[in-house]
Structures are given as C-alpha cells and as structure tokens.
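Participant: Handing you this structure, nothing more for now.
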Amino acid sequence: MLAGNGLFYPIIGFASFIAFLYLSFGDLWVNYSKEINLSFVERNGTQFFVDGKVFYINGWNSYWLMDHAADYNTRPRIRTMLQAGAKMGLTVCRTWAFNDAGYNALQISPGKFDEKVFRALDHVIAEARRNGIRLLLSLVNNLQAYGGKTQYVKWAWDEGVALSSSNDSFFYDPSIRRYFKSYVKTVLTRRNIYTGIEYRDDPTIFAWELINEPRCMTDPSGDTLQDWIEEMSTFVKSIDRKHLLTVGLEGFYGPKSPKKTTANPEIWAADLGSDFVRNSILSTVDFASVHVYPDHWFHHKNFDEMLKFAAKWMLSHIEDGDKELKKPVLFTEFGLSNDNDDFEPAQRDRFLKMVLDVLYKSAKRNKSGAGSFFWQFLVEKMERFNDEYGVVPWESPSTYRLITEQSCRLAKVQGLHSTQTENVKNFCASRRN
C-alpha cells in the first residue's frame with residue numbers, strides 16, 4: 001500500500017540513514033555520566049600511590065579490547081570483560097593501544113589513522129572509566145602480531161627511505177623513529193569523543209608501555225635498544241608528565257649483568273639486546289616490568305622445576321627493584337600454557353597461586369613487588385583469540401577464587417580503594433567475619 005503512493009522507498013531510505021548514524025555514532029548517546037572519579041596513580045620510591053594511599057595491583061591482560069570494540073557485533077565483550085574484572089576486585093587491565101596495518105588497523109600507514117578504530121579505543125577507555133578500571137596501554141609490539149616493528153620497517157622500505165630490511169632497524173633508523181614519534185604524539189594527544197578528555201589528561205590510563213617485549217638481537221650489547229628507550233621515554237615525558245611510563249621488558253639480564261648466569265633461564269637470554277636493570281634504571285622510566293613464562297623458556301624441565309625457577313625469577317627482580325632501581329616492579333604478564341605435554345588444569349592454579357603469594361608477601365613487607373597481570377582473560381566464544389594461555393575466569397571457579405582472594409588479601413595491606421565494587425567490598429568483609 002505504501003509503495004503505491006510512493007512512500008515506501010523514502011521511508012526505507014530514511015531508516016537506512018538512521019541505522020548508518022547509529023552504527024557510526026551510536027556510542028555518542030551512551031550515558032557515560034556514571035563514571036567513577038579516578039585520580040592519577042603516582043609513584044613514591046618502590047610503591048604506587050593513589051590519593052596518598054598505597055596501591056598494589058591485581059590485574060589482567062585482555063589485549064584484544066580495541067580490536068573487538070571496532071566491530072559492533074563484538075563490542076559488548078568489552079563491557080562484559082571490564083565488569084567481570086571489577087567484580088573480581090581487579091584494578092588495572094593491560095591492553096594494546098596499537099594495530100598497525102591489517103584488519104581493524106588503528107594506524108593504516110605512517111601518520112594515517114582509521115577514525116572508526118580510534119573511536120573504538122575511545123570506547124574502551126570510557127568503558128573502563130565507567131567500571132572503575134584503569135588501563136596499562138602498550139604502544140607497539142616487538143612481535144609481528146598487530147603489525148609491530150616489522151610493519152614499521154616495511155613502511156619505510158616501501159617508501160624507499162629504510163636503512164635496512166632488518167626488523168631491528170626499527171630501533172635505529174631515523175625515519176622509523178620519526179614514524180613512531182608521530183604515532184605516539186597522536187595517541188597521547190587524542191581527545192576522547194565520549195569523555196572529551198585528552199588521553200594524556202585522563203587518569204583512567206594507569207601508565208604507558210613503550211613496547212611489548214623488546215628485543216634487539218642484532219646488537220646483543222644492548223646499546224641500540226638502550227638508546228631507543230632513552231629517546232622514546234624522554235619524548236613521551238615531553239608530551240605527558242602526568243602518567244607513569246614503563247618499557248615493557250620481559251626481564252632478562254644482559255651480557256654485563258652479574259645475574260646473567262645466575263638468574264636468567266638459559267644462556268641465550270643474555271644475548272637478546274635487553275637488560276632488565278640497565279633499561280629500567282633511567283629517570284624517565286617510572287617502574288619496571290617483567291614477564292613470567294617458564295614453560296616457554298624451558299623445554300627439558302618438569303613442572304615442579306619450572307615452578308621453582310619462576311619463584312626465584314620473581315624474587316630476583318623484586319630484589320633489583322628494592323636495591324638497584326628503587327622503583328616498583330610489575331609482573332605484567334604471567335601464564336601457563338595448556339599445550340604443555342604434561343599439562344593438568346591444577347598446574348595452572350598452582351602456578352597462579354605461587355605468583356600471587358610472592359606478591360602478597362612483598363606487599364606485606366613493603367617491598368617493590370607492586371602487582372601482577374594474568375595472561376590472559378577472554379569472554380565466551382573467543383576461541384580464535386586464545387593462545388593456549390587464555391581463561392574465561394567465571395568458567396574456572398578455582399582460578400576465579402584465587403584471583404578474587406588476592407584482591408581481598410591486598411585490601412588487608414592497602415585497604416579497599418574507592419573504585420573497587422560494592423560486591424567485592426562485601427565479599428572481602430564476609431571473609432573477615
């Protein structure tokens with residue numbers, strides 16, 4: 001009937017236009033007025049502080065947040081994950097603030113950005129703020145996943161300005177350094193379309209991480225990577241003095257370190273071009289980062305041997321934080337693969353408990369061990385994004401209990417922070433009664 005009087009197609013056209021507006025700008029109507037007020041995290045010596053109160057971190061990794069926020073079918077996963085983290089008493093999530101070329105790329109080419117994906121990152125930050133979760137945002141990958149330093153070298157090579165085709169030229173090629181600085185400046189000065197706050201002014205961001213797991217194997221002396229860290233950390237601080245900054249190290253000791261043979265997993269670890277103490281001691285680096293993957297580093301040790309090494313590895317770095325660096329040490333990734341030949345589900349909980357126990361004891365003694373980030377948390381129907389370390393926390397009651405209990409244990413040391421949800425406050429209170 002409507003087609004007969006010529007109204008059908010205009011109505012369909014108008015409806016399509018409204019649908020387009022919603023898909024493009026729909027989040028602008030989302031109510032972010034219920035955001036929790038956050039303050040910037042600060043550092044004093046070997047401890048973090050919020051509003052003058054010591055702050056220990058029980059955190060997690062969900063690297064995929066921006067990528068999934070870019071697609072409306074998967075965007076609800078961000079809220080689900082952040083709400084679950086808040087319910088568990090977790091306070092900081094580590095995630096990628098990069099995706100260079102490829103699907104859902106934030107940076108399409110040097111200095112060229114996809115606004116849709118930038119809005120996805122805006123959404124992640126706004127949603128985190130709404131749930132009282134802070135973010136540790138990593139700025140580039142040493143690995144090829146999501147572009148990484150390989151993509152930067154390819155861009156320079158394709159434009160005919162590269163000094164070398166080596167991936168490690170990312171650290172020393174002047175053109176590539178300019179690419180990265182331009183990227184960093186764009187991200188740090190981005191104004192969130194939902195909150196109206198520039199990233200560098202937003203306390204939702206706990207800290208910046210320069211690069212995930214940097215290695216420069218073409219220069220095992222470590223000089224090349226050290227020069228890059230000095231330049232880039234100084235550059236970040238010239239733009240943003242409000243946020244903390246870390247490198248993103250795995251924690252290996254370099255060739256000049258007295259711990260290269262006593263604390264490293266094996267001899268190869270001293271030849272990766274990084275050095276935990278040397279890279280972290282710079283005044284422009286606010287805290288040190290360490291990863292813990294004994295099953296990835298060893299291939300001829302049983303589980304108990306790897307567990308013993310991991311505890312020793314953690315204590316060695318906490319000692320460095322106290323005696324050498326005088327800074328907090330965060331264990332920003334730790335996990336156990338379910339692809340190990342002898343893997344049993346109970347092993348993952350034993351490993352998790354060991355990590356959390358070390359950090360709880362460090363907190364009780366006012367040592368530099370400032371927190372940990374489980375690798376990694378997923379939500380349902382994300383099997384394609386699982387790298388054999390992933391866990392849907394509410395599907396693993398024992399893992400869920402260990403992590404939530406850590407939130408309560410740290411609360412005994414520092415007190416519950418205002419951002420931690422009421423149900424966690426009640427849960428922890430019930431355990432004390």
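As shown in the structure tokens, the chain order sets the letters A, B, ...; within each chain, residues go from 1, and ligands are also counted from 1 in the order they appear.
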Could you pull the residues within 10 Å of Asn104 (chain A), counting only C-alpha atoms, minus those fewer than 3 positions along the same chain, as JSON, numbers by chain?

Facilitator: {"A": [66, 67, 68, 69, 70, 71, 99, 100, 101, 107, 108, 114, 116, 117, 118, 120, 146]}

Participant: Near region 314-323 of chain A, counting only C-alpha atoms, which residues have an atom at most 8 Å away, once you skip same-chain residues fewer than 4 positions from it, shown as a PyMOL selection string?

Facilitator: chain A and resi 46+251+263+277+288+290+292+310+327-329+358+367-369

Participant: Can you spit out the residues from that selection as a CSV table (one decimal), in the first residue's frame, using C-alpha atoms?

Facilitator:
```csv
chain,number,residue,atom,x,y,z
A,46,THR,CA,59.2,1.5,45.3
A,251,GLY,CA,63.1,-9.1,32.5
A,263,ALA,CA,69.1,-15.6,37.3
A,277,VAL,CA,68.4,-3.2,35.3
A,288,ALA,CA,60.0,-1.9,35.8
A,290,VAL,CA,58.8,-8.4,34.0
A,292,VAL,CA,57.0,-14.9,33.7
A,310,ALA,CA,59.6,-18.8,38.4
A,327,LYS,CA,61.3,1.6,41.8
A,328,PRO,CA,58.1,-0.6,41.7
A,329,VAL,CA,58.3,-3.9,39.8
A,358,VAL,CA,55.1,-13.9,46.2
A,367,LYS,CA,58.9,-4.4,49.1
A,368,SER,CA,59.0,-3.4,45.4
A,369,GLY,CA,56.8,-6.2,44.1
```

Participant: Please produce, as JSON lines, a per-residue contact table for region 57-154 of chain A versus region 216-225 of chain A (criterion: any atom at most 12 Å away, only C-alpha atoms considered), showing the nearest atom pair and its distance in Å to one decimal, sorted by chain then residue number.

Facilitator:
```
{"residue": "A:Asn142", "atom": "CA", "partner": "A:Cys216", "partner_atom": "CA", "distance": 9.1}
{"residue": "A:Leu143", "atom": "CA", "partner": "A:Cys216", "partner_atom": "CA", "distance": 11.5}
{"residue": "A:Lys149", "atom": "CA", "partner": "A:Cys216", "partner_atom": "CA", "distance": 10.9}
```

Participant: Could you please take those selected residues and save N, CA, C and O atoms as an mmCIF file, in the first residue's frame?

Facilitator:
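The resulting selection-v1.cif:
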```
data_model
loop_
_atom_site.group_PDB
_atom_site.id
_atom_site.type_symbol
_atom_site.label_atom_id
_atom_site.label_comp_id
_atom_site.auth_asym_id
_atom_site.auth_seq_id
_atom_site.Cartn_x
_atom_site.Cartn_y
_atom_site.Cartn_z
ATOM 1 N N ASN A 142 56.893 -5.708 19.709
ATOM 2 C CA ASN A 142 58.144 -6.228 19.160
ATOM 3 C C ASN A 142 57.860 -7.404 18.231
ATOM 4 O O ASN A 142 58.621 -7.666 17.296
ATOM 5 N N LEU A 143 56.759 -8.101 18.493
ATOM 6 C CA LEU A 143 56.357 -9.247 17.671
ATOM 7 C C LEU A 143 55.579 -8.774 16.450
ATOM 8 O O LEU A 143 55.172 -7.614 16.355
ATOM 9 N N LYS A 149 56.953 -3.890 15.090
ATOM 10 C CA LYS A 149 58.098 -3.208 14.499
ATOM 11 C C LYS A 149 58.330 -3.672 13.055
ATOM 12 O O LYS A 149 58.849 -2.905 12.241
#
```

Participant: With a distance cut-off of 9 Å and only C-alpha atoms, select the neighbouring residues of region 56-65 of chain A, excluding the residue or stretch itself and same-chain residues fewer than 6 positions from it, and output the selection as a PyMOL selection string.

Facilitator: chain A and resi 47-49+75+77-78+81+85+89-97+120-121+124+330+332-333+356+363+369-378+385+403-404+406-407+410-411+413-414

Participant: With C-alpha atoms retained, could you export that selection as a PDB file, in the first residue's frame?

Facilitator:
```
ATOM      1  CA  GLN A  47      55.446   1.925  45.704  1.00  0.00           C
ATOM      2  CA  PHE A  48      52.474   3.246  43.760  1.00  0.00           C
ATOM      3  CA  PHE A  49      50.034   5.623  45.410  1.00  0.00           C
ATOM      4  CA  ARG A  75      31.757  -4.573  21.139  1.00  0.00           C
ATOM      5  CA  ARG A  77      32.536  -8.079  25.030  1.00  0.00           C
ATOM      6  CA  ILE A  78      34.391  -5.018  26.299  1.00  0.00           C
ATOM      7  CA  MET A  81      35.124  -8.197  30.430  1.00  0.00           C
ATOM      8  CA  GLY A  85      37.237  -7.600  36.221  1.00  0.00           C
ATOM      9  CA  GLY A  89      38.300  -6.667  42.563  1.00  0.00           C
ATOM     10  CA  LEU A  90      40.824  -6.209  39.750  1.00  0.00           C
ATOM     11  CA  THR A  91      42.017  -2.657  39.234  1.00  0.00           C
ATOM     12  CA  VAL A  92      44.147  -2.470  36.055  1.00  0.00           C
ATOM     13  CA  CYS A  93      43.842  -4.104  32.634  1.00  0.00           C
ATOM     14  CA  ARG A  94      46.761  -4.219  30.201  1.00  0.00           C
ATOM     15  CA  THR A  95      45.747  -3.931  26.560  1.00  0.00           C
ATOM     16  CA  TRP A  96      47.031  -2.862  23.144  1.00  0.00           C
ATOM     17  CA  ALA A  97      46.778   0.743  22.016  1.00  0.00           C
ATOM     18  CA  ALA A 120      36.899   2.050  19.431  1.00  0.00           C
ATOM     19  CA  LEU A 121      39.871   2.897  21.645  1.00  0.00           C
ATOM     20  CA  VAL A 124      37.487   1.128  25.676  1.00  0.00           C
ATOM     21  CA  LEU A 330      55.197  -5.118  37.956  1.00  0.00           C
ATOM     22  CA  THR A 332      52.868  -7.533  33.553  1.00  0.00           C
ATOM     23  CA  GLU A 333      52.454 -10.995  32.015  1.00  0.00           C
ATOM     24  CA  LEU A 356      50.101 -14.186  43.841  1.00  0.00           C
ATOM     25  CA  ALA A 363      53.276  -6.108  49.725  1.00  0.00           C
ATOM     26  CA  GLY A 369      56.752  -6.161  44.050  1.00  0.00           C
ATOM     27  CA  ALA A 370      53.805  -3.952  43.140  1.00  0.00           C
ATOM     28  CA  GLY A 371      51.422  -6.283  41.318  1.00  0.00           C
ATOM     29  CA  SER A 372      50.756  -8.760  38.547  1.00  0.00           C
ATOM     30  CA  PHE A 373      48.726  -9.176  35.350  1.00  0.00           C
ATOM     31  CA  PHE A 374      47.425 -12.625  34.386  1.00  0.00           C
ATOM     32  CA  TRP A 375      47.805 -13.535  30.698  1.00  0.00           C
ATOM     33  CA  GLN A 376      45.081 -13.594  29.543  1.00  0.00           C
ATOM     34  CA  PHE A 377      41.337 -13.251  30.163  1.00  0.00           C
ATOM     35  CA  LEU A 378      38.719 -13.861  27.493  1.00  0.00           C
ATOM     36  CA  PHE A 385      41.800 -15.411  20.111  1.00  0.00           C
ATOM     37  CA  ILE A 403      42.281 -14.131  41.910  1.00  0.00           C
ATOM     38  CA  THR A 404      39.402 -12.717  43.944  1.00  0.00           C
ATOM     39  CA  GLN A 406      44.185 -11.905  46.083  1.00  0.00           C
ATOM     40  CA  SER A 407      42.060  -8.761  45.787  1.00  0.00           C
ATOM     41  CA  LEU A 410      45.855  -6.883  49.073  1.00  0.00           C
ATOM     42  CA  ALA A 411      42.927  -4.975  50.579  1.00  0.00           C
ATOM     43  CA  VAL A 413      47.501  -4.389  53.212  1.00  0.00           C
ATOM     44  CA  GLN A 414      46.315  -1.246  51.450  1.00  0.00           C
TER      45      GLN A 414
END
```

Participant: When you draw a straight line from CA of Lys259 (chain A) to CA of Ser274 (chain A), how long is it in Å?

Facilitator: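 Straight-line distance from CA of Lys259 (chain A) to CA of Ser274 (chain A) works out to 13.2 Å.
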
Participant: Can you pull out every residue within 9 Å of Arg129 (chain A), counting only C-alpha atoms, but drop anything in the same chain fewer than 4 positions away, and send it as a PyMOL selection string?

Facilitator: chain A and resi 32+35-38+124-125+133-134+203-205

Participant: Hey, can you spit out that residue selection with C-alpha atoms as a PDB file, in the first residue's frame?

Facilitator:
```pdb
ATOM      1  CA  TYR A  32      28.942   7.866  30.496  1.00  0.00           C
ATOM      2  CA  GLU A  35      31.820   7.298  35.510  1.00  0.00           C
ATOM      3  CA  ILE A  36      33.738   6.698  38.720  1.00  0.00           C
ATOM      4  CA  ASN A  37      36.017   9.556  39.683  1.00  0.00           C
ATOM      5  CA  LEU A  38      39.612   8.458  39.316  1.00  0.00           C
ATOM      6  CA  VAL A 124      37.487   1.128  25.676  1.00  0.00           C
ATOM      7  CA  ILE A 125      38.861   3.965  27.797  1.00  0.00           C
ATOM      8  CA  ILE A 133      39.208   0.025  35.868  1.00  0.00           C
ATOM      9  CA  ARG A 134      42.495   1.657  34.903  1.00  0.00           C
ATOM     10  CA  PRO A 203      43.586   9.221  34.920  1.00  0.00           C
ATOM     11  CA  THR A 204      41.781   6.149  33.569  1.00  0.00           C
ATOM     12  CA  ILE A 205      45.109   5.405  31.925  1.00  0.00           C
TER      13      ILE A 205
END
```

Participant: Please provide as a list in words all residues within 12 Å of Trp157 (chain A), with the sequence filter that same-chain residues fewer than 2 positions apart are discarded (counting only C-alpha atoms).

Facilitator: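 Close residues of Trp157 (chain A): Thr150, Gln151, Tyr152, Val153, Lys154, Trp155, Glu159, Gly160, Val161, Ala162, Leu163, Ser164, Ser165, Ser166, Asn167, Ser169, Phe170, Asp173, Ser175 and Ile176 of chain A.
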
Participant: Please determine, counting only C-alpha atoms, which residue among A:Thr74, A:Gly335, A:Val247, A:Ala126 has the shortest atom-to-atom distance to Phe287 (chain A).

Facilitator: A:Val247

Participant: Mind the document's chain letters and residue numbers, and return as a list in words the residues of region 184-425 of chain A that DSSP labels strand (DSSP E).

Facilitator: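 Answer for region 184-425 of chain A restricted to strand (DSSP E) is Ile205, Phe206, Ala207, Trp208, Glu209, Leu244, Leu245, Thr246, Ala288, Ser289, Val290, His291, Val292, Val329, Leu330, Phe331, Thr332, Glu333, Phe334, Gly369, Ala370, Gly371, Ser372, Phe373 and Phe374 of chain A.
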
Participant: For Trp297 (chain A), which residue among A:Glu388, A:Arg278, A:Ala269, A:Ile239 is the nearest when counting only C-alpha atoms?

Facilitator: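 Among the listed residues, the smallest separation from Trp297 (chain A) belongs to A:Ala269.
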
Participant: So that I can see what lies close to Thr189 (chain A), please list as an NGL selection string the residues with an atom at most 12 Å from it, counting only C-alpha atoms and leaving out residues fewer than 2 positions away in the same chain.

Facilitator: :A and (182-187 or 191-192 or 196-202 or 236 or 238-240)

Participant: Could you check how far CA of Leu336 (chain A) sits from CA of Gly148 (chain A), in Å to one decimal?

Facilitator: 24.0 Å

Participant: With distances taken over only C-alpha atoms, which of A:Trp208, A:Tyr253, A:Phe309, A:Tyr360 is nearest to Trp268 (chain A)?

Facilitator: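 For Trp268 (chain A), the nearest of the candidates is A:Tyr253.
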
Participant: Considering only alpha helix (DSSP H) as DSSP defines it on the backbone, what residues of region 195-424 of chain A qualify? List them as a VMD selection string.

Facilitator: chain A and resid 223 to 239 276 to 280 294 to 297 303 to 320 345 to 364 397 to 414 422 to 424

Participant: Just C-alpha atoms for this one: save the residues we selected as a PDB file, in the first residue's frame.

Facilitator:
```pdb
ATOM      1  CA  ASP A 223      73.391  -0.277  23.271  1.00  0.00           C
ATOM      2  CA  THR A 224      70.930   0.075  20.390  1.00  0.00           C
ATOM      3  CA  LEU A 225      67.867  -0.734  22.461  1.00  0.00           C
ATOM      4  CA  GLN A 226      69.103   1.415  25.329  1.00  0.00           C
ATOM      5  CA  ASP A 227      69.468   4.437  23.027  1.00  0.00           C
ATOM      6  CA  TRP A 228      65.939   3.876  21.719  1.00  0.00           C
ATOM      7  CA  ILE A 229      64.465   3.605  25.223  1.00  0.00           C
ATOM      8  CA  GLU A 230      66.242   6.781  26.311  1.00  0.00           C
ATOM      9  CA  GLU A 231      64.989   8.735  23.299  1.00  0.00           C
ATOM     10  CA  MET A 232      61.414   7.460  23.322  1.00  0.00           C
ATOM     11  CA  SER A 233      60.873   7.661  27.076  1.00  0.00           C
ATOM     12  CA  THR A 234      62.149  11.244  27.033  1.00  0.00           C
ATOM     13  CA  PHE A 235      59.829  12.010  24.113  1.00  0.00           C
ATOM     14  CA  VAL A 236      56.776  10.562  25.908  1.00  0.00           C
ATOM     15  CA  LYS A 237      57.568  12.573  29.032  1.00  0.00           C
ATOM     16  CA  SER A 238      57.892  15.758  26.959  1.00  0.00           C
ATOM     17  CA  ILE A 239      54.232  15.337  25.965  1.00  0.00           C
ATOM     18  CA  PHE A 276      66.436  -5.500  32.946  1.00  0.00           C
ATOM     19  CA  VAL A 277      68.357  -3.205  35.279  1.00  0.00           C
ATOM     20  CA  ARG A 278      70.077  -1.051  32.656  1.00  0.00           C
ATOM     21  CA  ASN A 279      66.859  -0.483  30.678  1.00  0.00           C
ATOM     22  CA  SER A 280      64.745   0.224  33.760  1.00  0.00           C
ATOM     23  CA  PRO A 294      58.908 -20.723  32.458  1.00  0.00           C
ATOM     24  CA  ASP A 295      57.154 -23.255  30.223  1.00  0.00           C
ATOM     25  CA  HIS A 296      58.027 -21.113  27.195  1.00  0.00           C
ATOM     26  CA  TRP A 297      61.663 -20.635  28.230  1.00  0.00           C
ATOM     27  CA  PHE A 303      56.508 -28.573  36.163  1.00  0.00           C
ATOM     28  CA  ASP A 304      57.921 -28.501  39.703  1.00  0.00           C
ATOM     29  CA  GLU A 305      61.319 -27.394  38.407  1.00  0.00           C
ATOM     30  CA  MET A 306      59.726 -24.618  36.365  1.00  0.00           C
ATOM     31  CA  LEU A 307      57.659 -23.503  39.337  1.00  0.00           C
ATOM     32  CA  LYS A 308      60.799 -23.284  41.478  1.00  0.00           C
ATOM     33  CA  PHE A 309      62.574 -21.236  38.803  1.00  0.00           C
ATOM     34  CA  ALA A 310      59.628 -18.850  38.413  1.00  0.00           C
ATOM     35  CA  ALA A 311      59.586 -18.070  42.134  1.00  0.00           C
ATOM     36  CA  LYS A 312      63.338 -17.438  42.100  1.00  0.00           C
ATOM     37  CA  TRP A 313      62.944 -15.275  38.967  1.00  0.00           C
ATOM     38  CA  MET A 314      60.317 -13.102  40.643  1.00  0.00           C
ATOM     39  CA  LEU A 315      62.280 -12.686  43.875  1.00  0.00           C
ATOM     40  CA  SER A 316      65.386 -11.712  41.908  1.00  0.00           C
ATOM     41  CA  HIS A 317      63.540  -8.853  40.196  1.00  0.00           C
ATOM     42  CA  ILE A 318      61.882  -7.688  43.396  1.00  0.00           C
ATOM     43  CA  GLU A 319      65.357  -7.571  44.923  1.00  0.00           C
ATOM     44  CA  ASP A 320      66.510  -5.431  41.978  1.00  0.00           C
ATOM     45  CA  PRO A 345      44.425 -27.921  34.981  1.00  0.00           C
ATOM     46  CA  ALA A 346      45.569 -27.955  38.597  1.00  0.00           C
ATOM     47  CA  GLN A 347      49.056 -26.867  37.483  1.00  0.00           C
ATOM     48  CA  ARG A 348      47.759 -23.531  36.271  1.00  0.00           C
ATOM     49  CA  ASP A 349      46.231 -22.814  39.675  1.00  0.00           C
ATOM     50  CA  ARG A 350      49.437 -23.851  41.451  1.00  0.00           C
ATOM     51  CA  PHE A 351      51.409 -21.506  39.224  1.00  0.00           C
ATOM     52  CA  LEU A 352      48.888 -18.710  39.732  1.00  0.00           C
ATOM     53  CA  LYS A 353      48.928 -19.190  43.498  1.00  0.00           C
ATOM     54  CA  MET A 354      52.729 -19.061  43.586  1.00  0.00           C
ATOM     55  CA  VAL A 355      52.796 -15.749  41.690  1.00  0.00           C
ATOM     56  CA  LEU A 356      50.101 -14.186  43.841  1.00  0.00           C
ATOM     57  CA  ASP A 357      51.704 -15.429  47.067  1.00  0.00           C
ATOM     58  CA  VAL A 358      55.066 -13.888  46.170  1.00  0.00           C
ATOM     59  CA  LEU A 359      53.429 -10.547  45.514  1.00  0.00           C
ATOM     60  CA  TYR A 360      51.273 -10.645  48.638  1.00  0.00           C
ATOM     61  CA  LYS A 361      54.346 -11.307  50.778  1.00  0.00           C
ATOM     62  CA  SER A 362      56.173  -8.472  49.003  1.00  0.00           C
ATOM     63  CA  ALA A 363      53.276  -6.108  49.725  1.00  0.00           C
ATOM     64  CA  LYS A 364      53.145  -7.097  53.394  1.00  0.00           C
ATOM     65  CA  PRO A 397      35.848 -21.493  39.690  1.00  0.00           C
ATOM     66  CA  SER A 398      39.207 -22.335  41.278  1.00  0.00           C
ATOM     67  CA  THR A 399      41.053 -19.703  39.215  1.00  0.00           C
ATOM     68  CA  TYR A 400      38.313 -17.173  39.889  1.00  0.00           C
ATOM     69  CA  ARG A 401      38.550 -17.833  43.625  1.00  0.00           C
ATOM     70  CA  LEU A 402      42.354 -17.453  43.734  1.00  0.00           C
ATOM     71  CA  ILE A 403      42.281 -14.131  41.910  1.00  0.00           C
ATOM     72  CA  THR A 404      39.402 -12.717  43.944  1.00  0.00           C
ATOM     73  CA  GLU A 405      41.076 -13.807  47.181  1.00  0.00           C
ATOM     74  CA  GLN A 406      44.185 -11.905  46.083  1.00  0.00           C
ATOM     75  CA  SER A 407      42.060  -8.761  45.787  1.00  0.00           C
ATOM     76  CA  CYS A 408      40.965  -9.286  49.396  1.00  0.00           C
ATOM     77  CA  ARG A 409      44.475 -10.050  50.631  1.00  0.00           C
ATOM     78  CA  LEU A 410      45.855  -6.883  49.073  1.00  0.00           C
ATOM     79  CA  ALA A 411      42.927  -4.975  50.579  1.00  0.00           C
ATOM     80  CA  LYS A 412      44.170  -6.035  54.014  1.00  0.00           C
ATOM     81  CA  VAL A 413      47.501  -4.389  53.212  1.00  0.00           C
ATOM     82  CA  GLN A 414      46.315  -1.246  51.450  1.00  0.00           C
ATOM     83  CA  GLU A 422      30.485  -2.888  46.411  1.00  0.00           C
ATOM     84  CA  ASN A 423      30.103  -6.625  45.896  1.00  0.00           C
ATOM     85  CA  VAL A 424      33.875  -7.090  46.303  1.00  0.00           C
TER      86      VAL A 424
END
```

Participant: Please identify all polymer residues within 12 Å of Gly52 (chain A), counting only C-alpha atoms, omitting same-chain residues fewer than 4 positions from it, and present them as a VMD selection string.

Facilitator: chain A and resid 39 to 44 47 to 48 414 417

Participant: For the residues selected in the previous step, produce a file with C-alpha atoms as a short mmCIF file (atom, residue, chain, number, x, y, z; two decimals), in the first residue's frame.

Facilitator:
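Contents of the output file selection_20.cif:
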```
data_model
loop_
_atom_site.label_atom_id
_atom_site.label_comp_id
_atom_site.auth_asym_id
_atom_site.auth_seq_id
_atom_site.Cartn_x
_atom_site.Cartn_y
_atom_site.Cartn_z
CA SER A 39 42.87 10.10 40.36
CA PHE A 40 46.23 9.69 38.68
CA VAL A 41 48.42 6.90 40.01
CA GLU A 42 51.71 8.26 41.30
CA ARG A 43 54.99 6.70 42.38
CA ASN A 44 56.98 7.31 45.53
CA GLN A 47 55.45 1.93 45.70
CA PHE A 48 52.47 3.25 43.76
CA GLN A 414 46.32 -1.25 51.45
CA HIS A 417 40.11 1.60 47.04
#
```

Participant: One decimal, in Å: what's the spacing between CA of Ala145 (chain A) and CA of Arg130 (chain A)?

Facilitator: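 Answer for the CA of Ala145 (chain A) to CA of Arg130 (chain A) separation: 29.1 Å.
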
Participant: Here is a test: counting only C-alpha atoms, which residue of A:Leu137, A:Tyr172, A:Asn212, A:Phe343 is nearest to Leu244 (chain A)?

Facilitator: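 Under the stated criterion, the closest residue is A:Leu137.
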